[in-house]
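Colleague: This is final.pdb (PDB, C-alpha atoms, pLDDT in the B column).
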ATOM      1  CA  MET A   1     108.832 116.271 100.704  1.00 50.00           C
ATOM      2  CA  ALA A   2     110.916 113.533  99.067  1.00 55.00           C
ATOM      3  CA  ALA A   3     111.689 115.859  96.144  1.00 57.00           C
ATOM      4  CA  THR A   4     113.275 118.475  98.425  1.00 63.00           C
ATOM      5  CA  PRO A   5     116.814 116.955  98.653  1.00 63.00           C
ATOM      6  CA  PRO A   6     117.237 116.552  94.865  1.00 64.00           C
ATOM      7  CA  VAL A   7     116.038 120.129  94.377  1.00 65.00           C
ATOM      8  CA  LEU A   8     118.577 121.345  96.947  1.00 67.00           C
ATOM      9  CA  VAL A   9     121.336 119.414  95.153  1.00 65.00           C
ATOM     10  CA  ALA A  10     120.318 120.997  91.850  1.00 68.00           C
ATOM     11  CA  ILE A  11     120.326 124.489  93.392  1.00 68.00           C
ATOM     12  CA  GLY A  12     123.731 123.808  94.973  1.00 67.00           C
ATOM     13  CA  GLY A  13     125.044 122.568  91.632  1.00 67.00           C
ATOM     14  CA  CYS A  14     123.866 125.728  89.930  1.00 65.00           C
ATOM     15  CA  GLY A  15     125.632 127.769  92.614  1.00 65.00           C
ATOM     16  CA  PHE A  16     128.869 125.850  92.084  1.00 65.00           C
ATOM     17  CA  GLN A  17     128.640 126.399  88.352  1.00 67.00           C
ATOM     18  CA  MET A  18     128.056 130.118  88.808  1.00 65.00           C
ATOM     19  CA  VAL A  19     131.164 130.338  91.005  1.00 65.00           C
ATOM     20  CA  ALA A  20     133.191 128.307  88.507  1.00 65.00           C
ATOM     21  CA  ARG A  21     132.097 130.476  85.571  1.00 66.00           C
ATOM     22  CA  SER A  22     132.818 133.688  87.409  1.00 64.00           C
ATOM     23  CA  GLY A  23     136.453 132.700  87.826  1.00 64.00           C
ATOM     24  CA  GLY A  24     136.292 132.027  91.543  1.00 56.00           C
ATOM     25  CA  GLY A  25     139.041 129.418  91.306  1.00 59.00           C
ATOM     26  CA  ILE A  26     136.919 126.240  91.261  1.00 60.00           C
ATOM     27  CA  GLY A  27     137.494 124.190  88.131  1.00 64.00           C
ATOM     28  CA  TRP A  28     134.812 122.390  86.139  1.00 64.00           C
ATOM     29  CA  PHE A  29     136.329 119.046  87.040  1.00 65.00           C
ATOM     30  CA  TRP A  30     135.706 119.548  90.751  1.00 70.00           C
ATOM     31  CA  VAL A  31     132.257 121.023  90.195  1.00 69.00           C
ATOM     32  CA  PHE A  32     131.246 117.953  88.227  1.00 70.00           C
ATOM     33  CA  TRP A  33     132.509 115.496  90.859  1.00 74.00           C
ATOM     34  CA  VAL A  34     131.020 117.413  93.788  1.00 76.00           C
ATOM     35  CA  GLU A  35     127.638 117.418  92.070  1.00 76.00           C
ATOM     36  CA  CYS A  36     127.900 113.701  91.311  1.00 74.00           C
ATOM     37  CA  ALA A  37     128.830 112.877  94.902  1.00 79.00           C
ATOM     38  CA  ALA A  38     125.989 114.990  96.270  1.00 77.00           C
ATOM     39  CA  LEU A  39     123.515 113.371  93.904  1.00 76.00           C
ATOM     40  CA  VAL A  40     124.644 109.869  94.904  1.00 77.00           C
ATOM     41  CA  LEU A  41     124.291 110.713  98.596  1.00 75.00           C
ATOM     42  CA  VAL A  42     120.836 112.162  98.049  1.00 74.00           C
ATOM     43  CA  CYS A  43     119.735 109.093  96.092  1.00 72.00           C
ATOM     44  CA  VAL A  44     121.056 106.756  98.779  1.00 73.00           C
ATOM     45  CA  PHE A  45     119.196 108.549 101.538  1.00 72.00           C
ATOM     46  CA  VAL A  46     116.001 109.308  99.620  1.00 70.00           C
ATOM     47  CA  LEU A  47     115.624 105.980  97.836  1.00 69.00           C
ATOM     48  CA  ASP A  48     116.416 103.846 100.884  1.00 67.00           C
ATOM     49  CA  VAL A  49     112.824 103.199 101.864  1.00 67.00           C
ATOM     50  CA  PRO A  50     112.078 100.238 104.120  1.00 70.00           C
ATOM     51  CA  ARG A  51     110.112  97.443 102.456  1.00 75.00           C
ATOM     52  CA  SER A  52     107.843  97.042 105.467  1.00 81.00           C
ATOM     53  CA  THR A  53     106.894  98.884 108.597  1.00 86.00           C
ATOM     54  CA  PRO A  54     106.705  97.529 112.129  1.00 90.00           C
ATOM     55  CA  ALA A  55     102.911  97.865 112.001  1.00 92.00           C
ATOM     56  CA  GLY A  56     102.789  95.943 108.719  1.00 89.00           C
ATOM     57  CA  ASP A  57     105.015  93.205 110.146  1.00 90.00           C
ATOM     58  CA  ALA A  58     102.709  92.923 113.167  1.00 93.00           C
ATOM     59  CA  VAL A  59      99.603  92.623 110.977  1.00 92.00           C
ATOM     60  CA  LEU A  60     101.276  89.988 108.801  1.00 89.00           C
ATOM     61  CA  ALA A  61     102.375  87.991 111.842  1.00 91.00           C
ATOM     62  CA  ALA A  62      98.861  88.126 113.304  1.00 93.00           C
ATOM     63  CA  ALA A  63      97.289  87.023 110.007  1.00 91.00           C
ATOM     64  CA  THR A  64      99.821  84.217 109.583  1.00 89.00           C
ATOM     65  CA  GLN A  65      99.083  82.993 113.097  1.00 92.00           C
ATOM     66  CA  ARG A  66      95.305  83.294 112.710  1.00 93.00           C
ATOM     67  CA  TRP A  67      95.205  81.571 109.310  1.00 89.00           C
ATOM     68  CA  GLY A  68      98.100  79.184 109.969  1.00 89.00           C
ATOM     69  CA  PHE A  69      95.916  76.176 109.240  1.00 89.00           C
ATOM     70  CA  LEU A  70      96.040  77.192 105.550  1.00 87.00           C
ATOM     71  CA  LYS A  71      99.820  76.679 105.388  1.00 87.00           C
ATOM     72  CA  PRO A  72     100.625  74.217 102.574  1.00 83.00           C
ATOM     73  CA  SER A  73     102.784  72.065 104.866  1.00 83.00           C
ATOM     74  CA  ARG A  74      99.642  71.303 106.890  1.00 85.00           C
ATOM     75  CA  ARG A  75      97.829  70.031 103.775  1.00 84.00           C
ATOM     76  CA  PRO A  76      94.640  72.087 104.072  1.00 84.00           C
ATOM     77  CA  ALA A  77      91.441  70.841 102.431  1.00 82.00           C
ATOM     78  CA  PHE A  78      90.696  73.787 100.158  1.00 80.00           C
ATOM     79  CA  THR A  79      87.520  72.142  98.884  1.00 81.00           C
ATOM     80  CA  THR A  80      86.197  72.487 102.442  1.00 86.00           C
ATOM     81  CA  TYR A  81      87.463  76.031 103.022  1.00 84.00           C
ATOM     82  CA  GLY A  82      86.563  77.394  99.583  1.00 86.00           C
ATOM     83  CA  PRO A  83      88.220  79.672  97.048  1.00 86.00           C
ATOM     84  CA  ASP A  84      88.518  82.637  99.414  1.00 89.00           C
ATOM     85  CA  ALA A  85      90.655  80.613 101.798  1.00 87.00           C
ATOM     86  CA  ALA A  86      92.741  79.356  98.881  1.00 86.00           C
ATOM     87  CA  ALA A  87      93.417  82.925  97.746  1.00 87.00           C
ATOM     88  CA  LEU A  88      94.266  83.950 101.307  1.00 88.00           C
ATOM     89  CA  SER A  89      96.668  81.027 101.576  1.00 87.00           C
ATOM     90  CA  VAL A  90      98.494  82.137  98.425  1.00 86.00           C
ATOM     91  CA  ALA A  91      98.586  85.720  99.706  1.00 86.00           C
ATOM     92  CA  LEU A  92     100.040  84.722 103.079  1.00 87.00           C
ATOM     93  CA  PHE A  93     102.287  81.803 102.193  1.00 85.00           C
ATOM     94  CA  GLY A  94     103.265  82.596  98.606  1.00 81.00           C
ATOM     95  CA  GLY A  95     104.305  80.291  95.833  1.00 80.00           C
ATOM     96  CA  ALA A  96     104.254  77.117  97.939  1.00 81.00           C
ATOM     97  CA  ALA A  97     100.504  77.497  98.427  1.00 82.00           C
ATOM     98  CA  LEU A  98     100.016  78.057  94.709  1.00 81.00           C
ATOM     99  CA  TRP A  99     102.022  74.912  93.956  1.00 80.00           C
ATOM    100  CA  TRP A 100      99.836  73.015  96.414  1.00 79.00           C
ATOM    101  CA  LEU A 101      96.620  74.345  94.877  1.00 81.00           C
ATOM    102  CA  ASP A 102      97.424  74.045  91.181  1.00 79.00           C
ATOM    103  CA  PRO A 103     100.851  72.737  90.160  1.00 79.00           C
ATOM    104  CA  GLU A 104     100.125  73.089  86.431  1.00 81.00           C
ATOM    105  CA  PHE A 105      99.214  76.760  86.829  1.00 79.00           C
ATOM    106  CA  ALA A 106     102.283  77.428  88.983  1.00 78.00           C
ATOM    107  CA  GLU A 107     104.529  75.632  86.514  1.00 76.00           C
ATOM    108  CA  ARG A 108     103.089  77.476  83.542  1.00 79.00           C
ATOM    109  CA  PHE A 109     103.762  80.854  85.116  1.00 74.00           C
ATOM    110  CA  ARG A 110     107.097  79.748  86.631  1.00 73.00           C
ATOM    111  CA  VAL A 111     106.147  80.446  90.215  1.00 73.00           C
ATOM    112  CA  GLY A 112     109.295  79.643  92.231  1.00 65.00           C
ATOM    113  CA  GLY A 113     109.489  75.932  91.592  1.00 56.00           C
ATOM    114  CA  SER A 114     110.198  73.269  89.059  1.00 54.00           C
ATOM    115  CA  ARG A 115     108.652  70.280  87.308  1.00 57.00           C
ATOM    116  CA  ALA A 116     110.085  68.081  90.032  1.00 58.00           C
ATOM    117  CA  MET A 117     108.038  70.029  92.563  1.00 56.00           C
ATOM    118  CA  ALA A 118     104.903  69.484  90.470  1.00 56.00           C
ATOM    119  CA  ARG A 119     105.545  65.735  90.271  1.00 59.00           C
ATOM    120  CA  PHE A 120     106.208  65.595  94.009  1.00 58.00           C
ATOM    121  CA  LEU A 121     102.957  67.370  94.817  1.00 57.00           C
ATOM    122  CA  ARG A 122     100.987  65.107  92.483  1.00 58.00           C
ATOM    123  CA  CYS A 123     102.342  62.125  94.403  1.00 59.00           C
ATOM    124  CA  LEU A 124     101.105  63.594  97.689  1.00 56.00           C
ATOM    125  CA  ARG A 125      97.518  63.920  96.523  1.00 53.00           C
TER     126      ARG A 125
END
Is it possible to express this structure as structure tokens?
Modeller:
Amino acid sequence: MAATPPVLVAIGGCGFQMVARSGGGIGWFWVFWVECAALVLVCVFVLDVPRSTPAGDAVLAAATQRWGFLKPSRRPAFTTYGPDAAALSVALFGGAALWWLDPEFAERFRVGGSRAMARFLRCLR
């Protein structure tokens, strides 16, 4: 279904070119710009897909609330909760949880932080 608008633009472009070649009074310059404008409009409307859905936002909010005790700012004891909880914390709370779990790993792979963050987290432990 998403391929339908580009196909319609291509068919319309072919029609414009046929009219231009038959001497119908439309110049190549205008045909080119009309096709470009149509293609840009199609791309804007077809490629503008939302990053999340309302249902996905609701599920994420529920999971964040349910597993909120794993938030890095609350200093969870991952040795008590285990590796599954640590992975879930990284999935829900992102790079901050990874910095809390393993600053060297996060620094090595440049996960949204700096060496100063690593030193700060080492001081907290």
Colleague: Which residues would end up in the selection if the PyMOL selection byres ((chain A and resi 95-100) around 7) were applied here, given that I need the answer as an MDAnalysis selection string?
Modeller: chainID A and resid 72 89:90 93:94 101:103 106 111:112 121
Colleague: Quick one, how far is CA of Arg74 (chain A) from CA of Gly56 (chain A)?
Modeller: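 CA of Gly56 (chain A) lies at a distance of 24.9 Å from CA of Arg74 (chain A).
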Colleague: One number please: CA of Pro76 (chain A) to CA of Leu92 (chain A), in Å, one decimal.
Modeller: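 These two atoms are separated by 13.8 Å.
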Colleague: Residues picked by the PyMOL selection byres ((chain A and resi 64) around 12) here, as a list in words?
Modeller: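 Listing what the PyMOL selection byres ((chain A and resi 64) around 12) selects in the shown file: Asp57, Ala58, Val59, Leu60, Ala61, Ala62, Ala63, Gln65, Arg66, Trp67, Gly68, Phe69, Leu70, Lys71, Leu88, Ser89, Val90, Ala91, Leu92, Phe93 and Gly94 of chain A.
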Colleague: To one decimal place in Å, what is the distance between CA of Arg51 (chain A) and CA of Arg110 (chain A)?
Modeller: 23.9 Å
